[in-house]
Amino acid sequence: MAEPFVFLNYRRSDAGLAAQALYLQLRERFGSRSLFMDVNSIAWGARWPERIASQLRRANIVLPIVGENWLKAADDHGRRKLDDPKDWVHLELAEALRRRARVLPILLDGVAMPRPEALPDDLRRLANHQGLTLRTRTDEWHRDLKLIGDRLHVLGLPEREGAPQSLPAGHPKQRLRAVTEEQLATALQEPDLRAWEPWEETLPHEYPSTLQELIRVFECETFSEAIQFMNFLAPRFDRVNHHPRWANEWRRVAIRLTTWAVGNKLTRVDLDVARQVEQWHREFNGSRTTNEQPGPAARQKRKRHSVSG
């Protein structure tokens with residue numbers, strides 16, 4: 001029996017963001033080798049019609065993602081896209097049904113399965129398939145996503161090594177609460193936190209949750225110093241058991257703090273660690289000043305001052 005391979009079928013104007021989020025979050029659990037989605041899985045410059053066709057032939061599980069505009073999405077002339085036999089959503093589904101792949105419809109926010117009479121002739125068998133609801137409100141999304149993932153796992157989709165796990169029951173971070181806007185505003189008036197900026201954005205791999213972070217960018221004198229700074233911080237983040245989302249770009253080190261256990265919101269732990277980072281930054285600068293040996297230019301300058309004195 002062939003290994004399970006999942007193909008996501010969707011219409012961008014109907015379910016683009018939800019489909020992207022579903023793909024990325026399933027990829028976290030199962031890896032990219034078991035999943036295909038056109039935007040994420042086609043390399044730049046590849047011949048995309050051939051690539052889609054080859055991956056669809058390989059797929060033995062197809063997930064049609066059906067939103068509220070799936071049936072009635074129209075082209076520039078007002079004609080329903082689904083009725084066009086050259087429409088990619090139509091083509092992919094017709095091929096999946098023809099090959100008798102396992103078709104598992106995903107119904108966004110309780111949209112009903114389309115009735116046979118609403119579908120083109122070669123897609124009417126889709127109406128006989130049981131759909132699974134995926135709700136886009138935060139709590140329901142994660143519950144429904146787990147059900148979808150569990151179903152795929154039962155069908156043989158292997159979980160990738162190192163897939164993210166939930167915190168164990170009773171973990172201290174499960175008892176944390178997000179700080180209020182007033183608490184955050186007050187904290188950011190402290191001298192050690194004035195350089196930190198609150199930031200919110202929606203990322204597909206966190207969808208539908210809004211990611212809230214505390215961001216600070218440190219400017220170093222050289223790329224080497226930036227890497228040394230990150231190496232200096234890494235064991236200290238380990239000691240406090242709170243780890244950043246961070247990045248290095250040449251001389252810049254960007255540090256982003258959030259608490260994953262409370263839905264990527266800011267907690268007192270993020271504020272405490274931000275204060276610690278400022279202290280660690282001072283220690284790093286102090287250690288560099290102590291350990292630096294004066295170079296030739298500095299020694300020559302010191303010699304001139306000594307002579308003139």
# chains A, B, ... in the order shown; residues from 1 in each chain; ligands from 1

call {"tool": "residues_around", "arguments": {"residues": "segment 205-208 of chain A", "least_positions_apart": "3", "cutoff": "10 Å", "atoms": "only C-alpha atoms", "output": "ChimeraX atom specification"}}
result
/A:17-18,20-28,135-142,201-202,211,263-264

call {"tool": "write_last_selection", "arguments": {"atoms": "N, CA and C atoms", "output": "CSV table (one decimal), in the first residue's frame"}}
result
chain,number,residue,atom,x,y,z
A,17,LEU,N,-6.5,32.1,3.2
A,17,LEU,CA,-5.7,32.2,4.5
A,17,LEU,C,-5.9,31.0,5.3
A,18,ALA,N,-7.2,30.5,5.4
A,18,ALA,CA,-7.4,29.3,6.2
A,18,ALA,C,-6.7,28.1,5.6
A,20,GLN,N,-3.9,28.2,3.9
A,20,GLN,CA,-2.4,28.3,4.2
A,20,GLN,C,-2.2,28.0,5.6
A,21,ALA,N,-3.0,28.4,6.5
A,21,ALA,CA,-2.8,28.1,7.9
A,21,ALA,C,-2.9,26.6,8.2
A,22,LEU,N,-3.9,26.0,7.6
A,22,LEU,CA,-4.1,24.5,7.7
A,22,LEU,C,-2.9,23.8,7.3
A,23,TYR,N,-2.4,24.1,6.1
A,23,TYR,CA,-1.2,23.5,5.6
A,23,TYR,C,0.0,23.6,6.5
A,24,LEU,N,0.3,24.8,6.9
A,24,LEU,CA,1.5,25.1,7.8
A,24,LEU,C,1.3,24.4,9.1
A,25,GLN,N,0.1,24.3,9.7
A,25,GLN,CA,0.0,23.7,11.0
A,25,GLN,C,0.0,22.2,10.9
A,26,LEU,N,-0.6,21.6,9.8
A,26,LEU,CA,-0.4,20.2,9.6
A,26,LEU,C,1.0,19.8,9.3
A,27,ARG,N,1.7,20.7,8.6
A,27,ARG,CA,3.2,20.4,8.3
A,27,ARG,C,4.0,20.4,9.6
A,28,GLU,N,3.6,21.2,10.6
A,28,GLU,CA,4.3,21.1,11.9
A,28,GLU,C,4.2,19.7,12.5
A,135,ARG,N,-13.6,25.3,12.3
A,135,ARG,CA,-14.1,26.6,12.7
A,135,ARG,C,-12.9,27.5,12.9
A,136,THR,N,-13.1,28.8,12.5
A,136,THR,CA,-11.9,29.7,12.5
A,136,THR,C,-11.9,30.6,13.7
A,137,ARG,N,-12.7,30.3,14.7
A,137,ARG,CA,-12.5,31.0,16.0
A,137,ARG,C,-11.4,30.2,16.8
A,138,THR,N,-10.6,30.9,17.6
A,138,THR,CA,-9.4,30.4,18.1
A,138,THR,C,-9.5,29.1,18.8
A,139,ASP,N,-10.3,29.0,19.8
A,139,ASP,CA,-10.4,27.7,20.6
A,139,ASP,C,-10.9,26.6,19.7
A,140,GLU,N,-12.0,26.8,18.9
A,140,GLU,CA,-12.5,25.8,18.1
A,140,GLU,C,-11.6,25.4,17.0
A,141,TRP,N,-10.8,26.3,16.5
A,141,TRP,CA,-9.8,26.0,15.4
A,141,TRP,C,-8.9,24.9,15.9
A,142,HIS,N,-8.3,25.1,17.1
A,142,HIS,CA,-7.3,24.1,17.6
A,142,HIS,C,-7.9,22.8,17.9
A,201,GLU,N,0.7,40.6,15.3
A,201,GLU,CA,0.5,40.3,13.9
A,201,GLU,C,-0.2,38.9,13.8
A,202,THR,N,-0.8,38.6,12.7
A,202,THR,CA,-1.4,37.3,12.5
A,202,THR,C,-0.5,36.5,11.5
A,211,LEU,N,-0.6,36.8,17.2
A,211,LEU,CA,0.7,36.7,17.9
A,211,LEU,C,1.0,38.1,18.5
A,263,GLY,N,-1.2,31.1,24.4
A,263,GLY,CA,-1.7,31.5,23.1
A,263,GLY,C,-0.9,32.7,22.5
A,264,ASN,N,0.4,32.7,22.8
A,264,ASN,CA,1.3,33.7,22.2
A,264,ASN,C,0.9,35.1,22.6

call {"tool": "select_by_dssp", "arguments": {"residues": "segment 86-213 of chain A", "states": "helix (DSSP H, G or I)", "output": "VMD selection string"}}
result
chain A and resid 88 to 98 116 to 118 121 to 128 138 to 154 172 to 175 181 to 187 191 to 193 204 to 206

call {"tool": "residues_around", "arguments": {"residues": "Arg160 of chain A", "least_positions_apart": "6", "cutoff": "7 Å", "atoms": "only C-alpha atoms", "output": "list of chain:residue names"}}
result
A:Arg29, A:Phe30, A:Gly31

call {"tool": "residues_around", "arguments": {"residues": "segment 248-262 of chain A", "least_positions_apart": "5", "cutoff": "10 Å", "atoms": "only C-alpha atoms", "output": "PyMOL selection string"}}
result
chain A and resi 166-167+171-178+196-199+211-227+229-230+242-243+267-271+273-274+277

call {"tool": "select_by_dssp", "arguments": {"residues": "segment 41-195 of chain A", "states": "strand (DSSP E)", "output": "VMD selection string"}}
result
chain A and resid 61 to 66 102 to 103 106 to 108 132 to 134

call {"tool": "write_last_selection", "arguments": {"atoms": "N, CA and C atoms", "output": "short mmCIF file (atom, residue, chain, number, x, y, z; two decimals), in the first residue's frame"}}
result
data_model
loop_
_atom_site.label_atom_id
_atom_site.label_comp_id
_atom_site.auth_asym_id
_atom_site.auth_seq_id
_atom_site.Cartn_x
_atom_site.Cartn_y
_atom_site.Cartn_z
N ILE A 61 -4.99 11.01 -0.64
CA ILE A 61 -5.93 11.72 0.22
C ILE A 61 -6.03 13.15 -0.30
N VAL A 62 -7.24 13.62 -0.56
CA VAL A 62 -7.46 14.97 -1.06
C VAL A 62 -8.39 15.70 -0.10
N LEU A 63 -7.96 16.90 0.32
CA LEU A 63 -8.77 17.71 1.24
C LEU A 63 -9.33 18.91 0.49
N PRO A 64 -10.58 18.85 0.02
CA PRO A 64 -11.21 20.05 -0.55
C PRO A 64 -11.61 20.98 0.60
N ILE A 65 -11.16 22.23 0.56
CA ILE A 65 -11.46 23.19 1.62
C ILE A 65 -12.58 24.09 1.10
N VAL A 66 -13.75 23.97 1.73
CA VAL A 66 -14.97 24.60 1.23
C VAL A 66 -15.39 25.72 2.16
N ARG A 102 -9.16 9.06 -1.57
CA ARG A 102 -9.98 9.33 -0.38
C ARG A 102 -10.18 10.83 -0.28
N VAL A 103 -11.41 11.29 -0.45
CA VAL A 103 -11.74 12.72 -0.45
C VAL A 103 -12.37 13.07 0.90
N ILE A 106 -13.23 19.59 3.97
CA ILE A 106 -13.09 20.44 5.15
C ILE A 106 -14.06 21.61 4.98
N LEU A 107 -15.02 21.73 5.90
CA LEU A 107 -16.08 22.73 5.80
C LEU A 107 -15.79 23.86 6.78
N LEU A 108 -15.49 25.05 6.26
CA LEU A 108 -15.12 26.18 7.11
C LEU A 108 -16.34 26.77 7.79
N LEU A 132 -15.93 17.45 7.39
CA LEU A 132 -15.51 17.72 8.76
C LEU A 132 -15.39 19.24 8.92
N THR A 133 -16.03 19.77 9.94
CA THR A 133 -16.04 21.21 10.16
C THR A 133 -14.72 21.70 10.74
N LEU A 134 -14.24 22.83 10.23
CA LEU A 134 -13.08 23.52 10.77
C LEU A 134 -13.51 24.96 11.05
#

call {"tool": "atom_distance", "arguments": {"atom1": "atom CA of Arg99 of chain A", "atom2": "atom CA of Asn60 of chain A"}}
result
8.8 Å

call {"tool": "residues_around", "arguments": {"residues": "Trp70 of chain A", "least_positions_apart": "4", "cutoff": "9 Å", "atoms": "only C-alpha atoms", "output": "list in words"}}
result
Tyr10, Arg11, Ser13, Asp14, Ala15, Ile65, Val66 and Leu82 of chain A

call {"tool": "residues_around", "arguments": {"residues": "Leu157 of chain A", "least_positions_apart": "6", "cutoff": "8 Å", "atoms": "only C-alpha atoms", "output": "PyMOL selection string"}}
result
chain A and resi 3-5+30+34

call {"tool": "decode", "arguments": {"residues": "segment 40-180 of chain A", "atoms": "C-alpha atoms", "output": "tab-separated table (two decimals), in the first residue's frame"}}
result
chain	number	residue	atom	x	y	z
A	40	ASN	CA	4.01	26.34	-0.49
A	41	SER	CA	5.17	23.29	-2.43
A	42	ILE	CA	6.09	24.61	-5.89
A	43	ALA	CA	9.61	25.96	-6.30
A	44	TRP	CA	10.24	29.30	-8.00
A	45	GLY	CA	10.60	28.75	-11.74
A	46	ALA	CA	8.99	25.30	-11.74
A	47	ARG	CA	6.39	24.49	-14.40
A	48	TRP	CA	3.43	24.66	-12.04
A	49	PRO	CA	0.70	22.91	-14.12
A	50	GLU	CA	2.92	19.84	-14.51
A	51	ARG	CA	3.93	19.99	-10.85
A	52	ILE	CA	0.30	20.14	-9.68
A	53	ALA	CA	-0.72	17.31	-11.99
A	54	SER	CA	2.13	15.05	-10.85
A	55	GLN	CA	1.42	15.65	-7.15
A	56	LEU	CA	-2.30	15.10	-7.66
A	57	ARG	CA	-1.59	11.73	-9.33
A	58	ARG	CA	0.53	10.84	-6.33
A	59	ALA	CA	-2.10	11.91	-3.76
A	60	ASN	CA	-4.28	9.25	-2.18
A	61	ILE	CA	-5.93	11.72	0.22
A	62	VAL	CA	-7.46	14.97	-1.06
A	63	LEU	CA	-8.77	17.71	1.24
A	64	PRO	CA	-11.21	20.05	-0.55
A	65	ILE	CA	-11.46	23.19	1.62
A	66	VAL	CA	-14.97	24.60	1.23
A	67	GLY	CA	-15.79	28.12	2.42
A	68	GLU	CA	-18.93	30.19	2.07
A	69	ASN	CA	-17.99	31.41	-1.43
A	70	TRP	CA	-16.82	28.04	-2.76
A	71	LEU	CA	-19.96	27.36	-4.79
A	72	LYS	CA	-20.68	30.89	-6.04
A	73	ALA	CA	-17.20	32.28	-6.79
A	74	ALA	CA	-17.43	33.90	-10.23
A	75	ASP	CA	-15.05	35.08	-12.95
A	76	ASP	CA	-14.84	38.60	-14.39
A	77	HIS	CA	-17.87	37.91	-16.60
A	78	GLY	CA	-20.07	36.72	-13.72
A	79	ARG	CA	-19.85	33.04	-14.70
A	80	ARG	CA	-19.47	30.52	-11.88
A	81	LYS	CA	-15.87	29.29	-11.81
A	82	LEU	CA	-16.78	25.79	-10.67
A	83	ASP	CA	-18.72	25.20	-13.92
A	84	ASP	CA	-15.58	25.76	-15.99
A	85	PRO	CA	-13.96	22.36	-16.69
A	86	LYS	CA	-10.58	24.13	-16.95
A	87	ASP	CA	-10.93	25.71	-13.49
A	88	TRP	CA	-8.18	24.27	-11.27
A	89	VAL	CA	-10.48	23.53	-8.31
A	90	HIS	CA	-12.80	21.69	-10.72
A	91	LEU	CA	-9.94	19.86	-12.47
A	92	GLU	CA	-8.31	18.69	-9.25
A	93	LEU	CA	-11.53	17.45	-7.68
A	94	ALA	CA	-12.70	15.70	-10.85
A	95	GLU	CA	-9.36	13.88	-11.07
A	96	ALA	CA	-9.47	12.88	-7.38
A	97	LEU	CA	-13.01	11.51	-7.75
A	98	ARG	CA	-12.15	9.73	-11.00
A	99	ARG	CA	-9.17	8.00	-9.36
A	100	ARG	CA	-11.25	7.23	-6.27
A	101	ALA	CA	-8.77	8.91	-3.94
A	102	ARG	CA	-9.98	9.33	-0.38
A	103	VAL	CA	-11.74	12.72	-0.45
A	104	LEU	CA	-12.18	14.38	2.96
A	105	PRO	CA	-14.00	17.73	2.64
A	106	ILE	CA	-13.09	20.44	5.15
A	107	LEU	CA	-16.08	22.73	5.80
A	108	LEU	CA	-15.12	26.18	7.11
A	109	ASP	CA	-17.27	27.55	9.92
A	110	GLY	CA	-20.09	25.07	9.43
A	111	VAL	CA	-20.71	25.59	5.71
A	112	ALA	CA	-22.99	22.80	4.50
A	113	MET	CA	-21.83	20.18	2.02
A	114	PRO	CA	-22.95	21.24	-1.46
A	115	ARG	CA	-25.98	19.36	-2.78
A	116	PRO	CA	-25.58	17.18	-5.91
A	117	GLU	CA	-27.80	19.41	-8.05
A	118	ALA	CA	-25.56	22.41	-7.26
A	119	LEU	CA	-22.48	20.69	-8.70
A	120	PRO	CA	-21.23	20.04	-12.24
A	121	ASP	CA	-21.93	16.49	-13.43
A	122	ASP	CA	-18.39	15.20	-12.89
A	123	LEU	CA	-18.29	16.57	-9.33
A	124	ARG	CA	-21.67	15.37	-8.10
A	125	ARG	CA	-20.21	12.40	-6.24
A	126	LEU	CA	-18.51	14.91	-3.93
A	127	ALA	CA	-21.89	15.47	-2.25
A	128	ASN	CA	-21.83	11.86	-0.99
A	129	HIS	CA	-18.73	12.46	1.12
A	130	GLN	CA	-18.94	13.28	4.82
A	131	GLY	CA	-17.38	16.65	5.63
A	132	LEU	CA	-15.51	17.72	8.76
A	133	THR	CA	-16.04	21.21	10.16
A	134	LEU	CA	-13.08	23.52	10.77
A	135	ARG	CA	-14.10	26.61	12.73
A	136	THR	CA	-11.95	29.71	12.49
A	137	ARG	CA	-12.49	30.96	16.04
A	138	THR	CA	-9.36	30.42	18.11
A	139	ASP	CA	-10.42	27.72	20.58
A	140	GLU	CA	-12.54	25.80	18.09
A	141	TRP	CA	-9.85	25.96	15.41
A	142	HIS	CA	-7.30	24.14	17.55
A	143	ARG	CA	-9.82	21.48	18.60
A	144	ASP	CA	-10.99	20.92	15.02
A	145	LEU	CA	-7.42	20.96	13.69
A	146	LYS	CA	-6.50	18.20	16.15
A	147	LEU	CA	-9.45	16.10	14.96
A	148	ILE	CA	-8.34	16.51	11.35
A	149	GLY	CA	-4.75	15.66	12.24
A	150	ASP	CA	-5.81	12.64	14.29
A	151	ARG	CA	-7.93	11.38	11.39
A	152	LEU	CA	-5.00	11.72	8.98
A	153	HIS	CA	-2.77	9.91	11.46
A	154	VAL	CA	-5.26	7.03	11.72
A	155	LEU	CA	-5.18	6.84	7.91
A	156	GLY	CA	-1.44	6.26	8.14
A	157	LEU	CA	0.12	9.71	7.87
A	158	PRO	CA	3.31	9.47	9.99
A	159	GLU	CA	4.07	12.20	12.51
A	160	ARG	CA	7.45	13.80	11.96
A	161	GLU	CA	10.17	13.41	14.56
A	162	GLY	CA	10.26	16.41	16.87
A	163	ALA	CA	6.64	17.43	16.21
A	164	PRO	CA	5.50	20.04	18.78
A	165	GLN	CA	3.89	18.64	21.90
A	166	SER	CA	1.50	20.21	24.38
A	167	LEU	CA	2.79	21.22	27.78
A	168	PRO	CA	2.25	18.48	30.38
A	169	ALA	CA	-0.62	18.94	32.81
A	170	GLY	CA	0.35	21.06	35.79
A	171	HIS	CA	3.21	22.82	34.01
A	172	PRO	CA	3.81	26.23	35.71
A	173	LYS	CA	3.35	28.16	32.45
A	174	GLN	CA	-0.20	26.82	32.15
A	175	ARG	CA	-1.10	28.96	35.18
A	176	LEU	CA	0.14	32.19	33.63
A	177	ARG	CA	-2.21	34.96	32.52
A	178	ALA	CA	-1.65	37.55	29.82
A	179	VAL	CA	-0.91	41.05	31.10
A	180	THR	CA	-3.53	43.72	30.49
